[in-house]
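Input: a single structure, listed below in structure tokens.
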Amino acid sequence: MAQMKRIGVLTSGGDAPGMNAAVRAVARTAISMGIECIGIRRGWNGLINGDFVRLDTSSVSHIINKGGTILYTARSEEFRTEAGRKKAMDTCKLLGLDGIVAIGGDGTFQGALALSRLGIPVVGIPGTIDNDIGCSHYTIGYDTACNTAIEAIDKLRDTMQSHERCSVVEVMGRHAGHLALYVGIASGATAVLVPEREMDFEQDVVEKIRNARLSGRTHFMIVVAEGAGSAVEIGKKIHESTGIDPRVTVLGHIQRGGTPTARDRVTASRMGYSAVKVLAEKQCNRVIVIQNGVLTDLDMEEALAMKKHLNEPEYALLSAMTGGGSD
């Protein structure tokens with residue numbers, strides 16, 4: 001098996017805090033092993049268009065603490081086509097890339113798998129604030145996004161308490177409620193709505209508000225994953241059912257930004273280091289994952305076939321915590 005001389009690294013899809021730490025780890029690990037590292041900018045689009053930069057020890061200095069991604073990110077419709085992937089393959093040949101580390105979510109891994117079938121070894125690193133990658137129990141950016149949302153909700157609660165009001169907060173999670181569930185537990189929400197559970201508005205929202213009021217609460221916090229429904233519409237229904245005038249806040253992309261937490265920095269560094277080691281030693285198509293607290297790697301096709309379900313113990317905990325009040 002030939003020694004790798006040069007690899008590429010890219011970030012694709014939605015950005016997540018900690019991606020820069022992963023890029024740094026990939027570059028520095030490669031350099032320590034005598035492998036040149038090329039940063040591919042703007043995801044798979046950059047590989048198609050030849051948008052790249054050589055990475056060295058100094059160029060990845062002082063980025064471990066920065067949110068976003070210094071390599072930029074983009075979604076690439078062209079890469080979904082055979083012609084687009086052929087262009088990307090040509091760029092790999094032109095640059096002499098022996099392998100690629102791709103940081104992102106399921107879409108990124110689908111692209112990596114397609115490229116691997118053309119003969120380029122690829123290793124994926126899961127990075128998404130939604131924590132919805134089926135093969136990994138944890139993804140880069142999740143902890144930071146949770147803490148960002150919790151901090152915002154804590155500040156909203158201060159004013160809700162002062163005015164004795166209800167707050168409806170929409171967090172990210174179009175197809176998965178992991179973020180909303182975790183944030184709801186941590187913030188002592190009155191109710192949490194997630195896309196994995198069909199909503200019974202009367203039982204899941206109205207009765208919980210009533211129980212909280214009967215317990216002496218005069219302010220209420222409802223956390224909604226974006227995939228579970230519109231926070232604005234839920235606010236209107238709360239007003240119609242209870243007479244309360246809710247205040248709606250959509251946190252949106254603020255959850256993607258910010259300084260990554262220690263957990264995300266360390267996890268990203270460990271994953272970046274492992275990705276280069278796997279690429280150099282096995283040269284096969286793998287995904288770096290964390291399962292039951294252990295960092296390991298899986299076959300990419302096997303990993304993409306895995307599904308992640310809502311954490312049932314956490315959901316049971318939420319149900320108990322929201323049975324008679326909030327906070």
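Note on naming: chains are A, B, ... as they come in the structure tokens, residues start from 1 per chain, ligands start from 1 in the order shown.
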Q: Name all residues at most 9 Å from Ser241 (chain A) (count only C-alpha atoms; drop same-chain ones fewer than 5 positions away) and give them as a PyMOL selection string.
A: chain A and resi 202+206+236
Please produce a file of the residues just selected, as a PDB file, in the first residue's frame, where the atoms kept are N, CA, C and O atoms.
```pdb
ATOM      1  N   GLU A 202     -53.605  19.893  23.019  1.00  0.00           N
ATOM      2  CA  GLU A 202     -54.300  20.062  24.293  1.00  0.00           C
ATOM      3  C   GLU A 202     -53.492  19.445  25.439  1.00  0.00           C
ATOM      4  O   GLU A 202     -53.299  20.066  26.486  1.00  0.00           O
ATOM      5  N   VAL A 206     -51.305  22.837  26.249  1.00  0.00           N
ATOM      6  CA  VAL A 206     -52.294  23.552  27.054  1.00  0.00           C
ATOM      7  C   VAL A 206     -52.378  22.998  28.477  1.00  0.00           C
ATOM      8  O   VAL A 206     -52.331  23.757  29.458  1.00  0.00           O
ATOM      9  N   LYS A 236     -50.026  31.469  18.581  1.00  0.00           N
ATOM     10  CA  LYS A 236     -51.411  31.879  18.324  1.00  0.00           C
ATOM     11  C   LYS A 236     -52.392  30.899  18.954  1.00  0.00           C
ATOM     12  O   LYS A 236     -53.410  31.297  19.544  1.00  0.00           O
TER      13      LYS A 236
END
```
At a cut-off of 6 Å, using only C-alpha atoms, what residues contact region 21-26 of chain A? Leave out same-chain residues fewer than 3 positions from it and give the result as a PDB file with all heavy atoms, in the first residue's frame.
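Full text of result_4.pdb as output:
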```pdb
ATOM      1  N   GLY A  18     -16.694  24.191  16.053  1.00  0.00           N
ATOM      2  CA  GLY A  18     -15.781  23.071  16.225  1.00  0.00           C
ATOM      3  C   GLY A  18     -15.214  22.577  14.906  1.00  0.00           C
ATOM      4  O   GLY A  18     -14.226  21.830  14.899  1.00  0.00           O
ATOM      5  N   THR A  29      -2.045  16.930  12.173  1.00  0.00           N
ATOM      6  CA  THR A  29      -1.750  15.494  12.220  1.00  0.00           C
ATOM      7  C   THR A  29      -1.072  15.053  10.935  1.00  0.00           C
ATOM      8  O   THR A  29      -0.086  14.301  10.954  1.00  0.00           O
ATOM      9  CB  THR A  29      -3.032  14.681  12.447  1.00  0.00           C
ATOM     10  OG1 THR A  29      -3.668  15.116  13.651  1.00  0.00           O
ATOM     11  CG2 THR A  29      -2.726  13.191  12.550  1.00  0.00           C
ATOM     12  N   VAL A  60      -3.166  27.261  10.352  1.00  0.00           N
ATOM     13  CA  VAL A  60      -4.279  26.776  11.187  1.00  0.00           C
ATOM     14  C   VAL A  60      -4.092  27.151  12.659  1.00  0.00           C
ATOM     15  O   VAL A  60      -4.769  26.608  13.537  1.00  0.00           O
ATOM     16  CB  VAL A  60      -4.466  25.249  11.034  1.00  0.00           C
ATOM     17  CG1 VAL A  60      -4.895  24.900   9.623  1.00  0.00           C
ATOM     18  CG2 VAL A  60      -3.202  24.487  11.424  1.00  0.00           C
ATOM     19  N   ILE A  64      -8.733  27.276  16.687  1.00  0.00           N
ATOM     20  CA  ILE A  64      -9.438  26.274  17.489  1.00  0.00           C
ATOM     21  C   ILE A  64     -10.586  26.899  18.278  1.00  0.00           C
ATOM     22  O   ILE A  64     -11.574  26.233  18.597  1.00  0.00           O
ATOM     23  CB  ILE A  64      -8.444  25.553  18.436  1.00  0.00           C
ATOM     24  CG1 ILE A  64      -9.091  24.288  19.024  1.00  0.00           C
ATOM     25  CG2 ILE A  64      -7.951  26.487  19.548  1.00  0.00           C
ATOM     26  CD1 ILE A  64      -8.117  23.413  19.786  1.00  0.00           C
ATOM     27  N   ARG A 265     -14.366  21.379  21.041  1.00  0.00           N
ATOM     28  CA  ARG A 265     -12.975  21.532  20.619  1.00  0.00           C
ATOM     29  C   ARG A 265     -12.205  20.219  20.738  1.00  0.00           C
ATOM     30  O   ARG A 265     -11.471  19.819  19.830  1.00  0.00           O
ATOM     31  CB  ARG A 265     -12.273  22.600  21.466  1.00  0.00           C
ATOM     32  CG  ARG A 265     -12.849  23.985  21.315  1.00  0.00           C
ATOM     33  CD  ARG A 265     -12.015  24.996  22.096  1.00  0.00           C
ATOM     34  NE  ARG A 265     -12.760  26.220  22.356  1.00  0.00           N
ATOM     35  CZ  ARG A 265     -12.214  27.337  22.786  1.00  0.00           C
ATOM     36  NH1 ARG A 265     -10.917  27.389  23.037  1.00  0.00           N
ATOM     37  NH2 ARG A 265     -12.948  28.415  23.003  1.00  0.00           N
ATOM     38  N   ALA A 268     -13.656  17.490  18.291  1.00  0.00           N
ATOM     39  CA  ALA A 268     -13.230  17.784  16.926  1.00  0.00           C
ATOM     40  C   ALA A 268     -11.753  17.454  16.723  1.00  0.00           C
ATOM     41  O   ALA A 268     -11.366  16.909  15.689  1.00  0.00           O
ATOM     42  CB  ALA A 268     -13.490  19.252  16.608  1.00  0.00           C
ATOM     43  N   SER A 269     -10.939  17.767  17.717  1.00  0.00           N
ATOM     44  CA  SER A 269      -9.505  17.479  17.624  1.00  0.00           C
ATOM     45  C   SER A 269      -9.256  15.983  17.579  1.00  0.00           C
ATOM     46  O   SER A 269      -8.441  15.496  16.774  1.00  0.00           O
ATOM     47  CB  SER A 269      -8.766  18.114  18.807  1.00  0.00           C
ATOM     48  OG  SER A 269      -8.897  19.524  18.792  1.00  0.00           O
ATOM     49  N   GLY A 272     -10.448  14.680  14.145  1.00  0.00           N
ATOM     50  CA  GLY A 272      -9.532  15.073  13.070  1.00  0.00           C
ATOM     51  C   GLY A 272      -8.265  14.240  13.081  1.00  0.00           C
ATOM     52  O   GLY A 272      -7.783  13.786  12.027  1.00  0.00           O
ATOM     53  N   TYR A 273      -7.721  14.022  14.269  1.00  0.00           N
ATOM     54  CA  TYR A 273      -6.522  13.200  14.423  1.00  0.00           C
ATOM     55  C   TYR A 273      -6.790  11.772  13.935  1.00  0.00           C
ATOM     56  O   TYR A 273      -6.009  11.202  13.153  1.00  0.00           O
ATOM     57  CB  TYR A 273      -6.106  13.188  15.893  1.00  0.00           C
ATOM     58  CG  TYR A 273      -5.007  12.219  16.245  1.00  0.00           C
ATOM     59  CD1 TYR A 273      -3.670  12.527  16.001  1.00  0.00           C
ATOM     60  CD2 TYR A 273      -5.309  10.999  16.832  1.00  0.00           C
ATOM     61  CE1 TYR A 273      -2.660  11.631  16.335  1.00  0.00           C
ATOM     62  CE2 TYR A 273      -4.314  10.096  17.172  1.00  0.00           C
ATOM     63  CZ  TYR A 273      -2.990  10.407  16.919  1.00  0.00           C
ATOM     64  OH  TYR A 273      -1.997   9.520  17.236  1.00  0.00           O
TER      65      TYR A 273
END
```
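A straight line drawn from CA of Gly252 (chain A) to CA of Val205 (chain A) is 21.9 Å long.
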**Q.** Exercise: Lys308 (chain A) partners within 10 Å, only C-alpha atoms, chain neighbours under 5 positions left out, as number ranges by chain
**A.** A: 131-137, 176, 178
(Q) So that I can check the surroundings of region 278-287 of chain A, please list as a ChimeraX atom specification every protein, DNA and RNA residue that reaches within 8 Å of it, counting only C-alpha atoms and ignoring chain neighbours fewer than 4 positions away. (A) /A:3-4,99,113,116,121-126,274,297-300,303
Q) What lies within 12 Å of Gln203 (chain A) using only C-alpha atoms, ignoring chain neighbours under 3 positions off, as a PyMOL selection string? A) chain A and resi 191-193+198-200+206-211+241+319+322-323
**Q.** Separation of CA of Arg217 (chain A) from CA of Lys155 (chain A), in Å and rounded to one decimal
**A.** 17.5 Å
Q: Please provide as a PyMOL selection string all residues within 7 Å of Gly50 (chain A), with the sequence filter that same-chain residues fewer than 3 positions apart are discarded (counting only C-alpha atoms).
A: chain A and resi 46-47+91
Q) as a ChimeraX atom specification, which residues of region 263-319 of chain A does DSSP assign to alpha helix (DSSP H)? A) /A:263-281,300-304,312-319
Q: Do a neighbour search on Ala149 (chain A) at 8 Å with only C-alpha atoms, toss out local chain neighbours closer than 5 positions, and write the hits as a VMD selection string.
A: chain A and resid 171 183 251 255
Selected residues written out, N, CA and C atoms, as a short mmCIF file (atom, residue, chain, number, x, y, z; two decimals), in the first residue's frame:
```
data_model
loop_
_atom_site.label_atom_id
_atom_site.label_comp_id
_atom_site.auth_asym_id
_atom_site.auth_seq_id
_atom_site.Cartn_x
_atom_site.Cartn_y
_atom_site.Cartn_z
N VAL A 171 -36.16 26.40 18.20
CA VAL A 171 -34.75 26.05 18.00
C VAL A 171 -34.63 25.23 16.73
N VAL A 183 -32.17 20.82 25.22
CA VAL A 183 -32.29 22.20 25.68
C VAL A 183 -33.50 22.36 26.59
N LEU A 251 -34.75 31.43 17.40
CA LEU A 251 -33.31 31.61 17.58
C LEU A 251 -32.54 31.51 16.26
N GLN A 255 -27.75 29.92 16.63
CA GLN A 255 -27.30 28.66 17.24
C GLN A 255 -26.08 28.07 16.55
#
```
Q: Find the residue from A:Phe109, A:Leu118, A:His219, A:Val250 that sits nearest to Glu170 (chain A); use only C-alpha atoms when measuring.
A: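 When distances to Glu170 (chain A) are compared using only C-alpha atoms, the smallest one comes from A:Val250.
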So which residues of region 68-237 of chain A fall under strand (DSSP E or B) by DSSP, listed as a compact mmCIF listing (two decimals) with C-alpha atoms, in the first residue's frame?
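Below is the file that was written, out.txt:
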```txt
# COMPACT_ATOMS: atom_id res chain seq x y z
CA GLY A 99 -7.38 11.01 0.00
CA ILE A 100 -9.88 13.48 1.46
CA VAL A 101 -11.26 14.19 4.93
CA ALA A 102 -14.84 15.49 4.64
CA ILE A 103 -16.42 17.26 7.63
CA GLY A 104 -20.20 17.63 7.68
CA VAL A 122 -12.42 9.42 1.85
CA VAL A 123 -12.92 9.62 5.61
CA GLY A 124 -15.89 11.50 7.07
CA ILE A 125 -16.13 13.47 10.31
CA PRO A 126 -19.67 14.17 11.63
CA GLY A 127 -20.26 17.88 12.18
CA ILE A 140 -19.30 18.31 16.41
CA CYS A 166 -45.38 32.83 28.17
CA SER A 167 -42.41 32.47 25.84
CA VAL A 168 -42.37 30.20 22.77
CA VAL A 169 -38.83 29.56 21.55
CA GLU A 170 -38.08 27.86 18.25
CA VAL A 171 -34.75 26.05 18.00
CA ALA A 191 -43.28 21.85 27.30
CA VAL A 192 -41.08 20.66 24.43
CA LEU A 193 -42.31 19.80 20.94
CA PHE A 220 -44.18 29.49 30.94
CA MET A 221 -41.45 28.38 28.52
CA ILE A 222 -42.35 26.33 25.43
CA VAL A 223 -39.45 24.98 23.33
CA VAL A 224 -40.25 23.97 19.75
CA ALA A 225 -38.01 22.19 17.25
```
Q) Using only C-alpha atoms, which residue out of A:Gly235, A:Thr190, A:Gly227, A:Thr148 lies closest to Arg213 (chain A)? A) A:Thr190
Q: Name the closest residue to Ile63 (chain A) among the candidates A:Thr108, A:Ser215, A:Thr259, A:Thr139; distances are taken between atoms, counting only C-alpha atoms.
A: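 The closest residue to Ile63 (chain A) is A:Thr259.
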Q) Of the candidates A:Gly105, A:Met271, A:Gly84, A:Ile185, which shows the shortest atom-to-atom distance to Leu317 (chain A), using only C-alpha atoms? A)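 Using only C-alpha atoms, Leu317 (chain A) sits closest to A:Ile185.
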